[in-house]
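*Asks:* Got a file for you: coords30.pdb, PDB, C-alpha atoms (C1' of nucleotides).
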ATOM      1  CA  MET A   1      82.163  92.805 116.346
ATOM      2  CA  GLU A   2      81.104  89.262 115.994
ATOM      3  CA  SER A   3      84.268  87.281 116.604
ATOM      4  CA  VAL A   4      86.497  87.003 119.627
ATOM      5  CA  PHE A   5      89.416  88.036 117.444
ATOM      6  CA  GLU A   6      87.881  91.390 116.675
ATOM      7  CA  ILE A   7      87.264  91.953 120.355
ATOM      8  CA  ILE A   8      90.896  91.565 121.340
ATOM      9  CA  ALA A   9      92.090  93.548 118.344
ATOM     10  CA  GLU A  10      91.528  96.720 120.358
ATOM     11  CA  PRO A  11      94.571  97.669 122.495
ATOM     12  CA  ASN A  12      92.572  99.227 125.328
ATOM     13  CA  ARG A  13      90.452  96.133 125.643
ATOM     14  CA  ARG A  14      93.538  93.977 125.836
ATOM     15  CA  ALA A  15      94.857  96.293 128.536
ATOM     16  CA  ILE A  16      91.643  95.894 130.490
ATOM     17  CA  LEU A  17      91.781  92.129 130.209
ATOM     18  CA  SER A  18      95.374  92.082 131.397
ATOM     19  CA  LEU A  19      94.483  94.320 134.283
ATOM     20  CA  LEU A  20      91.705  91.988 135.312
ATOM     21  CA  THR A  21      94.132  89.110 135.647
ATOM     22  CA  ILE A  22      95.293  90.759 138.864
ATOM     23  CA  SER A  23      91.866  90.871 140.449
ATOM     24  CA  GLU A  24      88.381  92.112 139.822
ATOM     25  CA  GLN A  25      88.155  95.864 139.405
ATOM     26  CA  SER A  26      85.549  98.580 139.368
ATOM     27  CA  VAL A  27      85.154 100.901 136.416
ATOM     28  CA  GLY A  28      86.757 103.723 138.345
ATOM     29  CA  GLU A  29      89.751 101.643 139.260
ATOM     30  CA  ILE A  30      90.281 100.670 135.652
ATOM     31  CA  GLU A  31      89.817 104.263 134.619
ATOM     32  CA  ARG A  32      92.549 105.406 136.967
ATOM     33  CA  GLN A  33      95.019 102.616 136.387
ATOM     34  CA  LEU A  34      94.818 102.769 132.617
ATOM     35  CA  ARG A  35      94.353 106.528 132.521
ATOM     36  CA  MET A  36      91.546 106.442 130.030
ATOM     37  CA  PRO A  37      88.312 108.440 130.065
ATOM     38  CA  GLN A  38      85.481 106.801 131.944
ATOM     39  CA  PRO A  39      83.024 106.602 129.033
ATOM     40  CA  SER A  40      85.685 104.831 127.058
ATOM     41  CA  VAL A  41      86.195 102.303 129.828
ATOM     42  CA  SER A  42      82.480 101.685 130.105
ATOM     43  CA  LYS A  43      82.116 101.213 126.379
ATOM     44  CA  HIS A  44      84.950  98.757 126.134
ATOM     45  CA  LEU A  45      83.663  96.878 129.137
ATOM     46  CA  ARG A  46      80.313  96.643 127.452
ATOM     47  CA  VAL A  47      81.871  95.066 124.405
ATOM     48  CA  LEU A  48      83.877  92.678 126.562
ATOM     49  CA  ARG A  49      80.847  91.762 128.617
ATOM     50  CA  GLU A  50      78.616  91.098 125.627
ATOM     51  CA  ALA A  51      81.316  88.946 124.109
ATOM     52  CA  GLY A  52      81.653  87.008 127.341
ATOM     53  CA  PHE A  53      85.184  88.077 128.215
ATOM     54  CA  VAL A  54      84.114  89.564 131.522
ATOM     55  CA  ASP A  55      81.332  89.199 134.057
ATOM     56  CA  SER A  56      80.082  91.958 136.279
ATOM     57  CA  THR A  57      78.436  92.200 139.645
ATOM     58  CA  VAL A  58      76.800  95.163 141.274
ATOM     59  CA  ASP A  59      78.279  96.675 144.418
ATOM     60  CA  ALA A  60      76.115  99.654 145.339
ATOM     61  CA  GLN A  61      76.858 102.279 142.690
ATOM     62  CA  ARG A  62      79.844 100.372 141.469
ATOM     63  CA  ARG A  63      80.138  97.582 138.995
ATOM     64  CA  LEU A  64      82.834  95.055 139.642
ATOM     65  CA  TYR A  65      84.240  93.375 136.594
ATOM     66  CA  ARG A  66      86.142  90.151 136.507
ATOM     67  CA  LEU A  67      87.650  87.967 133.857
ATOM     68  CA  ASN A  68      85.817  85.155 132.149
ATOM     69  CA  PRO A  69      88.326  82.914 130.389
ATOM     70  CA  LYS A  70      85.973  81.145 127.988
ATOM     71  CA  PRO A  71      86.435  83.317 124.889
ATOM     72  CA  LEU A  72      90.158  83.427 125.442
ATOM     73  CA  GLN A  73      90.230  79.659 125.405
ATOM     74  CA  GLU A  74      88.574  79.847 122.029
ATOM     75  CA  ILE A  75      91.524  81.820 120.721
ATOM     76  CA  ASP A  76      93.886  79.368 122.296
ATOM     77  CA  THR A  77      92.081  76.564 120.523
ATOM     78  CA  TRP A  78      92.439  78.305 117.187
ATOM     79  CA  LEU A  79      96.130  78.785 117.818
ATOM     80  CA  ALA A  80      96.557  75.078 118.440
ATOM     81  CA  GLN A  81      96.707  74.273 114.751
ATOM     82  CA  PHE A  82      99.868  76.354 114.437
ATOM     83  CA  ARG A  83     101.756  75.049 117.441
ATOM     84  CA  ARG A  84     103.518  72.356 115.509
ATOM     85  CA  PHE A  85     105.169  75.102 113.496
ATOM     86  CA  TRP A  86     106.986  76.653 116.355
ATOM     87  CA  SER A  87     107.644  73.365 118.063
ATOM     88  CA  ALA A  88     109.713  72.659 114.965
ATOM     89  CA  HIS A  89     112.524  74.757 116.300
ATOM     90  CA  VAL A  90     112.341  73.097 119.688
ATOM     91  CA  ASP A  91     112.413  69.677 118.067
ATOM     92  CA  ALA A  92     115.525  70.561 116.165
ATOM     93  CA  LEU A  93     117.132  71.689 119.391
ATOM     94  CA  GLU A  94     116.006  68.481 121.095
ATOM     95  CA  ARG A  95     117.620  66.342 118.436
ATOM     96  CA  TYR A  96     120.781  68.359 118.694
ATOM     97  CA  LEU A  97     120.987  68.014 122.454
ATOM     98  CA  ASP A  98     120.198  64.336 122.153
ATOM     99  CA  ARG A  99     123.179  63.855 119.891
ATOM    100  CA  MET A 100     125.324  65.709 122.405
ATOM    101  CA  GLU A 101     124.229  63.520 125.285
ATOM    102  CA  HIS A 102     124.555  60.224 123.428
ATOM    103  CA  PRO A 103     127.574  60.584 121.143
ATOM    104  CA  GLN A 104     126.812  58.037 118.360
ATOM    105  CA  PRO A 105     126.113  54.856 120.416
ATOM    106  CA  ALA A 106     126.979  52.392 117.599
ATOM    107  CA  GLN A 107     123.755  52.070 115.517
ATOM    108  CA  SER A 108     120.715  53.129 117.557
ATOM    109  CA  LYS A 109     117.446  52.333 115.829
ATOM    110  CA  LYS A 110     115.688  55.459 114.610
ATOM    111  CA  LYS A 111     112.779  56.176 116.942
ATOM    112  CA  PRO A 112     109.489  56.303 114.982
ATOM    113  CA  GLY A 113     108.044  59.805 115.105
ATOM    114  CA  THR A 114     105.513  60.037 117.881
ATOM    115  CA  LYS A 115     104.890  63.741 117.354
ATOM    116  CA  PRO A 116     102.691  65.424 114.736
ATOM    117  CA  PRO A 117     104.274  65.970 111.292
ATOM    118  CA  ARG A 118     106.645  68.867 111.099
ATOM    119  CA  PRO A 119     106.697  71.510 108.364
ATOM    120  CA  LYS A 120     109.461  71.190 105.838
ATOM    121  CA  PRO A 121     112.511  73.366 106.160
ATOM    122  CA  ARG A 122     112.141  76.417 103.995
ATOM    123  CA  LYS A 123     114.500  78.351 101.818
ATOM    124  CA  THR A 124     114.651  81.926 102.983
ATOM    125  CA  THR A 125     112.486  84.504 101.212
TER
ATOM    126  CA  MET B   1      97.104  97.562 111.081
ATOM    127  CA  GLU B   2      99.972  97.745 113.468
ATOM    128  CA  SER B   3      99.402  94.844 115.811
ATOM    129  CA  VAL B   4      99.303  91.129 115.189
ATOM    130  CA  PHE B   5      95.876  91.074 116.784
ATOM    131  CA  GLU B   6      94.424  93.329 114.151
ATOM    132  CA  ILE B   7      95.901  91.154 111.456
ATOM    133  CA  ILE B   8      94.162  88.014 112.616
ATOM    134  CA  ALA B   9      90.927  89.837 113.294
ATOM    135  CA  GLU B  10      90.043  89.415 109.633
ATOM    136  CA  PRO B  11      88.268  86.092 108.901
ATOM    137  CA  ASN B  12      89.693  85.667 105.412
ATOM    138  CA  ARG B  13      93.189  86.130 106.682
ATOM    139  CA  ARG B  14      92.623  83.513 109.351
ATOM    140  CA  ALA B  15      91.334  81.201 106.649
ATOM    141  CA  ILE B  16      94.472  81.770 104.606
ATOM    142  CA  LEU B  17      96.686  81.063 107.582
ATOM    143  CA  SER B  18      94.812  77.857 108.335
ATOM    144  CA  LEU B  19      95.101  76.799 104.728
ATOM    145  CA  LEU B  20      98.826  77.343 104.804
ATOM    146  CA  THR B  21      99.216  74.893 107.670
ATOM    147  CA  ILE B  22      98.631  72.158 105.101
ATOM    148  CA  SER B  23     101.436  73.233 102.824
ATOM    149  CA  GLU B  24     102.702  76.220 100.915
ATOM    150  CA  GLN B  25     100.272  77.495  98.306
ATOM    151  CA  SER B  26     100.247  79.797  95.336
ATOM    152  CA  VAL B  27      97.867  82.729  95.137
ATOM    153  CA  GLY B  28      95.741  80.905  92.585
ATOM    154  CA  GLU B  29      95.455  77.835  94.774
ATOM    155  CA  ILE B  30      94.325  79.916  97.707
ATOM    156  CA  GLU B  31      91.915  81.750  95.460
ATOM    157  CA  ARG B  32      90.295  78.508  94.351
ATOM    158  CA  GLN B  33      90.237  76.726  97.682
ATOM    159  CA  LEU B  34      88.799  79.643  99.600
ATOM    160  CA  ARG B  35      86.646  80.823  96.707
ATOM    161  CA  MET B  36      87.588  84.456  97.096
ATOM    162  CA  PRO B  37      88.437  86.959  94.376
ATOM    163  CA  GLN B  38      92.091  87.083  93.393
ATOM    164  CA  PRO B  39      92.692  90.759  94.266
ATOM    165  CA  SER B  40      91.292  90.076  97.683
ATOM    166  CA  VAL B  41      93.680  87.178  98.181
ATOM    167  CA  SER B  42      96.628  89.265  97.053
ATOM    168  CA  LYS B  43      95.688  92.105  99.350
ATOM    169  CA  HIS B  44      95.337  89.895 102.376
ATOM    170  CA  LEU B  45      98.574  88.142 101.561
ATOM    171  CA  ARG B  46     100.274  91.484 101.386
ATOM    172  CA  VAL B  47      99.067  92.362 104.847
ATOM    173  CA  LEU B  48     100.112  88.978 106.175
ATOM    174  CA  ARG B  49     103.515  89.229 104.534
ATOM    175  CA  GLU B  50     104.233  92.709 105.817
ATOM    176  CA  ALA B  51     103.243  91.598 109.302
ATOM    177  CA  GLY B  52     105.523  88.592 109.036
ATOM    178  CA  PHE B  53     102.846  85.897 109.133
ATOM    179  CA  VAL B  54     103.904  84.496 105.774
ATOM    180  CA  ASP B  55     106.964  84.349 103.565
ATOM    181  CA  SER B  56     106.891  84.131  99.803
ATOM    182  CA  THR B  57     109.136  82.781  97.113
ATOM    183  CA  VAL B  58     108.943  83.293  93.390
ATOM    184  CA  ASP B  59     108.240  80.363  91.096
ATOM    185  CA  ALA B  60     108.087  81.747  87.545
ATOM    186  CA  GLN B  61     104.883  83.778  87.375
ATOM    187  CA  ARG B  62     103.693  82.336  90.638
ATOM    188  CA  ARG B  63     104.337  83.356  94.171
ATOM    189  CA  LEU B  64     104.424  80.590  96.717
ATOM    190  CA  TYR B  65     103.367  81.538 100.198
ATOM    191  CA  ARG B  66     104.155  79.669 103.341
ATOM    192  CA  LEU B  67     103.509  80.148 107.002
ATOM    193  CA  ASN B  68     105.865  81.963 109.323
ATOM    194  CA  PRO B  69     104.956  81.161 112.914
ATOM    195  CA  LYS B  70     106.704  84.039 114.638
ATOM    196  CA  PRO B  71     103.799  86.500 114.959
ATOM    197  CA  LEU B  72     101.488  83.704 116.008
ATOM    198  CA  GLN B  73     103.845  82.877 118.824
ATOM    199  CA  GLU B  74     103.510  86.445 119.913
ATOM    200  CA  ILE B  75      99.791  85.950 120.323
ATOM    201  CA  ASP B  76     100.410  82.740 122.173
ATOM    202  CA  THR B  77     102.703  84.589 124.527
ATOM    203  CA  TRP B  78     100.064  87.191 125.225
ATOM    204  CA  LEU B  79      97.563  84.455 125.958
ATOM    205  CA  ALA B  80      99.898  82.916 128.495
ATOM    206  CA  GLN B  81      98.910  85.359 131.220
ATOM    207  CA  PHE B  82      95.348  84.009 131.098
ATOM    208  CA  ARG B  83      96.098  80.303 131.111
ATOM    209  CA  ARG B  84      95.867  79.993 134.879
ATOM    210  CA  PHE B  85      92.248  81.056 134.584
ATOM    211  CA  TRP B  86      91.113  78.162 132.556
ATOM    212  CA  SER B  87      93.269  75.718 134.401
ATOM    213  CA  ALA B  88      91.058  76.658 137.322
ATOM    214  CA  HIS B  89      88.277  74.474 135.984
ATOM    215  CA  VAL B  90      90.642  71.584 135.514
ATOM    216  CA  ASP B  91      91.826  72.021 139.073
ATOM    217  CA  ALA B  92      88.286  71.868 140.333
ATOM    218  CA  LEU B  93      87.761  68.665 138.375
ATOM    219  CA  GLU B  94      90.994  67.304 139.754
ATOM    220  CA  ARG B  95      89.894  67.935 143.302
ATOM    221  CA  TYR B  96      86.568  66.326 142.603
ATOM    222  CA  LEU B  97      88.126  63.204 141.127
ATOM    223  CA  ASP B  98      90.558  63.092 143.992
ATOM    224  CA  ARG B  99      87.695  63.004 146.440
ATOM    225  CA  MET B 100      86.102  60.203 144.452
ATOM    226  CA  GLU B 101      89.239  58.113 144.546
ATOM    227  CA  HIS B 102      89.962  58.692 148.219
ATOM    228  CA  PRO B 103      86.543  58.798 149.952
ATOM    229  CA  GLN B 104      87.200  61.036 153.006
ATOM    230  CA  PRO B 105      90.327  59.404 154.531
ATOM    231  CA  ALA B 106      89.682  60.714 158.052
ATOM    232  CA  GLN B 107      91.239  64.223 158.153
ATOM    233  CA  SER B 108      93.763  64.603 155.316
ATOM    234  CA  LYS B 109      95.937  67.653 155.742
ATOM    235  CA  LYS B 110      95.240  70.288 153.124
ATOM    236  CA  LYS B 111      98.020  70.036 150.542
ATOM    237  CA  PRO B 112      99.783  73.407 150.163
ATOM    238  CA  GLY B 113      99.136  74.814 146.692
ATOM    239  CA  THR B 114     102.026  74.048 144.363
ATOM    240  CA  LYS B 115     100.316  75.650 141.390
ATOM    241  CA  PRO B 116     100.046  79.365 140.572
ATOM    242  CA  PRO B 117      97.327  81.254 142.473
ATOM    243  CA  ARG B 118      93.855  80.571 141.247
ATOM    244  CA  PRO B 119      91.176  83.227 140.686
ATOM    245  CA  LYS B 120      88.558  83.354 143.374
ATOM    246  CA  PRO B 121      85.233  81.629 142.827
ATOM    247  CA  ARG B 122      82.735  84.132 141.530
ATOM    248  CA  LYS B 123      79.098  84.724 142.158
ATOM    249  CA  THR B 124      77.268  84.569 138.875
ATOM    250  CA  THR B 125      76.471  87.814 137.075
TER
ATOM    251  C1'  DC C   1      64.923 116.291 148.912
ATOM    252  C1'  DA C   2      69.286 118.065 147.116
ATOM    253  C1'  DC C   3      73.834 116.809 146.145
ATOM    254  C1'  DG C   4      77.884 114.084 145.083
ATOM    255  C1'  DT C   5      79.637 109.857 143.246
ATOM    256  C1'  DA C   6      79.788 105.931 139.988
ATOM    257  C1'  DT C   7      78.596 104.236 135.716
ATOM    258  C1'  DA C   8      76.102 103.952 131.318
ATOM    259  C1'  DT C   9      74.468 105.822 127.088
ATOM    260  C1'  DG C  10      73.561 108.915 123.129
ATOM    261  C1'  DC C  11      75.351 111.716 119.578
ATOM    262  C1'  DC C  12      78.749 113.198 116.287
ATOM    263  C1'  DA C  13      82.895 113.431 113.515
ATOM    264  C1'  DC C  14      86.568 111.066 111.900
ATOM    265  C1'  DT C  15      89.302 107.378 110.458
ATOM    266  C1'  DT C  16      90.233 103.039 108.554
ATOM    267  C1'  DG C  17      89.617  98.694 106.639
ATOM    268  C1'  DC C  18      87.195  95.979 103.246
ATOM    269  C1'  DG C  19      85.013  94.556  98.914
ATOM    270  C1'  DG C  20      84.642  95.335  94.039
ATOM    271  C1'  DT C  21      86.256  96.597  89.609
ATOM    272  C1'  DA C  22      89.563  97.870  86.418
ATOM    273  C1'  DT C  23      94.155  97.935  85.208
ATOM    274  C1'  DA C  24      99.262  97.347  85.489
ATOM    275  C1'  DT C  25     103.207  94.218  85.548
ATOM    276  C1'  DA C  26     105.653  90.142  84.499
ATOM    277  C1'  DA C  27     106.606  85.747  82.902
ATOM    278  C1'  DA C  28     105.533  81.817  79.809
ATOM    279  C1'  DA C  29     103.625  80.029  75.538
ATOM    280  C1'  DG C  30     102.666  80.107  70.755
TER
ATOM    281  C1'  DC D   1     105.734  89.848  68.979
ATOM    282  C1'  DT D   2     101.132  88.726  70.528
ATOM    283  C1'  DT D   3      98.537  86.287  73.675
ATOM    284  C1'  DT D   4      97.638  83.988  77.853
ATOM    285  C1'  DT D   5      98.409  83.126  82.615
ATOM    286  C1'  DA D   6      99.526  84.698  87.336
ATOM    287  C1'  DT D   7      99.756  88.223  90.515
ATOM    288  C1'  DA D   8      99.851  92.967  92.215
ATOM    289  C1'  DT D   9      98.068  97.537  92.609
ATOM    290  C1'  DA D  10      95.142 101.726  92.216
ATOM    291  C1'  DC D  11      90.819 103.779  92.864
ATOM    292  C1'  DC D  12      86.318 104.187  94.852
ATOM    293  C1'  DG D  13      82.445 103.807  97.927
ATOM    294  C1'  DC D  14      80.712 102.071 101.995
ATOM    295  C1'  DA D  15      80.239 100.411 106.634
ATOM    296  C1'  DA D  16      81.761 100.054 111.181
ATOM    297  C1'  DG D  17      84.527 101.048 115.149
ATOM    298  C1'  DT D  18      86.478 104.625 118.131
ATOM    299  C1'  DG D  19      87.231 108.819 120.732
ATOM    300  C1'  DG D  20      85.296 112.946 122.755
ATOM    301  C1'  DC D  21      81.787 115.283 124.916
ATOM    302  C1'  DA D  22      77.446 115.882 127.020
ATOM    303  C1'  DT D  23      73.939 113.829 129.498
ATOM    304  C1'  DA D  24      71.092 110.261 131.660
ATOM    305  C1'  DT D  25      70.547 106.901 135.355
ATOM    306  C1'  DA D  26      71.198 104.990 139.811
ATOM    307  C1'  DC D  27      72.725 104.768 144.347
ATOM    308  C1'  DG D  28      74.425 106.758 148.752
ATOM    309  C1'  DT D  29      74.745 110.616 152.001
ATOM    310  C1'  DG D  30      73.482 114.531 154.656
TER
END
What would the structure in this file look like if it were written as structure tokens?

*Replies:*
Amino acid sequence: MESVFEIIAEPNRRAILSLLTISEQSVGEIERQLRMPQPSVSKHLRVLREAGFVDSTVDAQRRLYRLNPKPLQEIDTWLAQFRRFWSAHVDALERYLDRMEHPQPAQSKKKPGTKPPRPKPRKTT
Amino acid sequence: MESVFEIIAEPNRRAILSLLTISEQSVGEIERQLRMPQPSVSKHLRVLREAGFVDSTVDAQRRLYRLNPKPLQEIDTWLAQFRRFWSAHVDALERYLDRMEHPQPAQSKKKPGTKPPRPKPRKTT
DNA sequence: CACGTATATGCCACTTGCGGTATATAAAAG
DNA sequence: CTTTTATATACCGCAAGTGGCATATACGTG
């Protein structure tokens, strides 16, 4: 359970994280809303807490849990390297729309690519 | 191994995906660059292929694998719901810099929030 | 203090994924 | 056709994560 990716691999933990985007919640509230046994909730919260996905504060007998975005940012950072791959489609659409808006204005100079290199088109598998 | 999250939970698979951002690669090339045993590479590629993370084409005895961004977009979409949480820090910085630039101009009316609601400040755990 | 509520933890059984090794398949080379 | 190269698959053993259940801990209430 070292990496952030393993943490969010568990569906119930992802559900808890999503739930906490609404507002902070006690264990009991999570238990009821997600309809999962209390020990299970506590265990998953423990994992999330130790991995830094959530913080908790004490409110009498309750523990209030709230989201901590740091580890999720880490995942977002890892994803960054792949963004250019799906922006490829958008770029193609952009070029298409551009041609629609400016129907061949004589000989416009080709704009030097300001965006990161795009993956080559691929033949289907 | 149903969900995309479980797929990317495995470090070697993430390494393969990162490697494929450079260009398409054969099994042998991946094997050498990542220094992992060939059966291991093939197994992970199988998982990635069946989950739609990669496509493959045949080149004689070789199989060329290349990235397919679709499932990664899915992860990105899931992450979207948390983005407002880390933009919170940026907002705080923005407000700070704003105060620096405009040193208390009498009583400036509080600008109504145009951005999505921000999580409340939290007392430390 | 006894009791109820809220949460955490310990234990156990089960499943599943991974690494390793050997082997099968398939195409090229000789 | 035999051999070599490239990749896939089958089998096995192990480790780790998860769910379920019982129980411990801690706080509030009467």

*Asks:* Distance limit 9 Å, atoms considered: all atoms listed in the file. Which chain D residues sit that close to chain A? Return them as a list in words.

*Replies:*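 Output check: DA16, DG17, DT18, DG19, DA26, DC27 and DG28 of chain D.
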
*Asks:* Dump C-alpha atoms (C1' of nucleotides) for the selected residues as a CSV table (one decimal), in the coordinates of the input?

*Replies:*
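Saved as again-v6.csv:
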chain,number,residue,atom,x,y,z
D,16,DA,C1',81.8,100.1,111.2
D,17,DG,C1',84.5,101.0,115.1
D,18,DT,C1',86.5,104.6,118.1
D,19,DG,C1',87.2,108.8,120.7
D,26,DA,C1',71.2,105.0,139.8
D,27,DC,C1',72.7,104.8,144.3
D,28,DG,C1',74.4,106.8,148.8

*Asks:* Chain C residues within 10 Å of chain A, counting only C-alpha atoms (C1' of nucleotides): which ones, as a list in words?

*Replies:* DT5, DA6, DT7, DA8 and DT9 of chain C

*Asks:* If you apply the PyMOL selection byres ((chain A) within 6 of (chain B)) to this file, what residues do you get, as a PyMOL selection string?

*Replies:* chain A and resi 5-6+9+55-57+69+125

*Asks:* What is the atom C1' of DG13 of chain D to atom C1' of DG17 of chain C distance in Å?

*Replies:*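 Taking atom C1' of DG13 of chain D as the start and atom C1' of DG17 of chain C as the end point, the length is 12.4 Å.
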
*Asks:* To one decimal place, how far is atom CA of Val47 of chain A from atom CA of Ala15 of chain A in Å?

*Replies:*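 Taking atom CA of Val47 of chain A and atom CA of Ala15 of chain A, their separation equals 13.7 Å.
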
*Asks:* Atom C1' of DT15 of chain C and atom C1' of DA10 of chain D are how many Å apart?

*Replies:*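 Computing it gives 20.0 Å between the two atoms.
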
*Asks:* Restricting the calculation to only C-alpha atoms, which member of B:Met36, B:Ala51, B:Ile30, B:Leu64 is positioned closest to Ile16 of chain B?

*Replies:* B:Ile30

*Asks:* Name the residues that the PyMOL selection byres ((chain D and resi 2) around 9) picks from the file above, as a compact mmCIF listing (two decimals) with C-alpha atoms (C1' of nucleotides), in the coordinates of the input, using the file's chain letters and numbers.

*Replies:*
# COMPACT_ATOMS: atom_id res chain seq x y z
C1' DG C 30 102.67 80.11 70.76
C1' DC D 1 105.73 89.85 68.98
C1' DT D 3 98.54 86.29 73.68

*Asks:* Could you tell me which residues the PyMOL selection byres ((chain C and resi 28) around 8) returns for this structure, as a count of residues only?

*Replies:* 4

*Asks:* Show me, as a PyMOL selection string, the residues that have an atom within 12 Å of DA15 of chain D when counting all atoms listed in the file, minus same-chain residues fewer than 5 positions from it.

*Replies:* chain C and resi 16-19
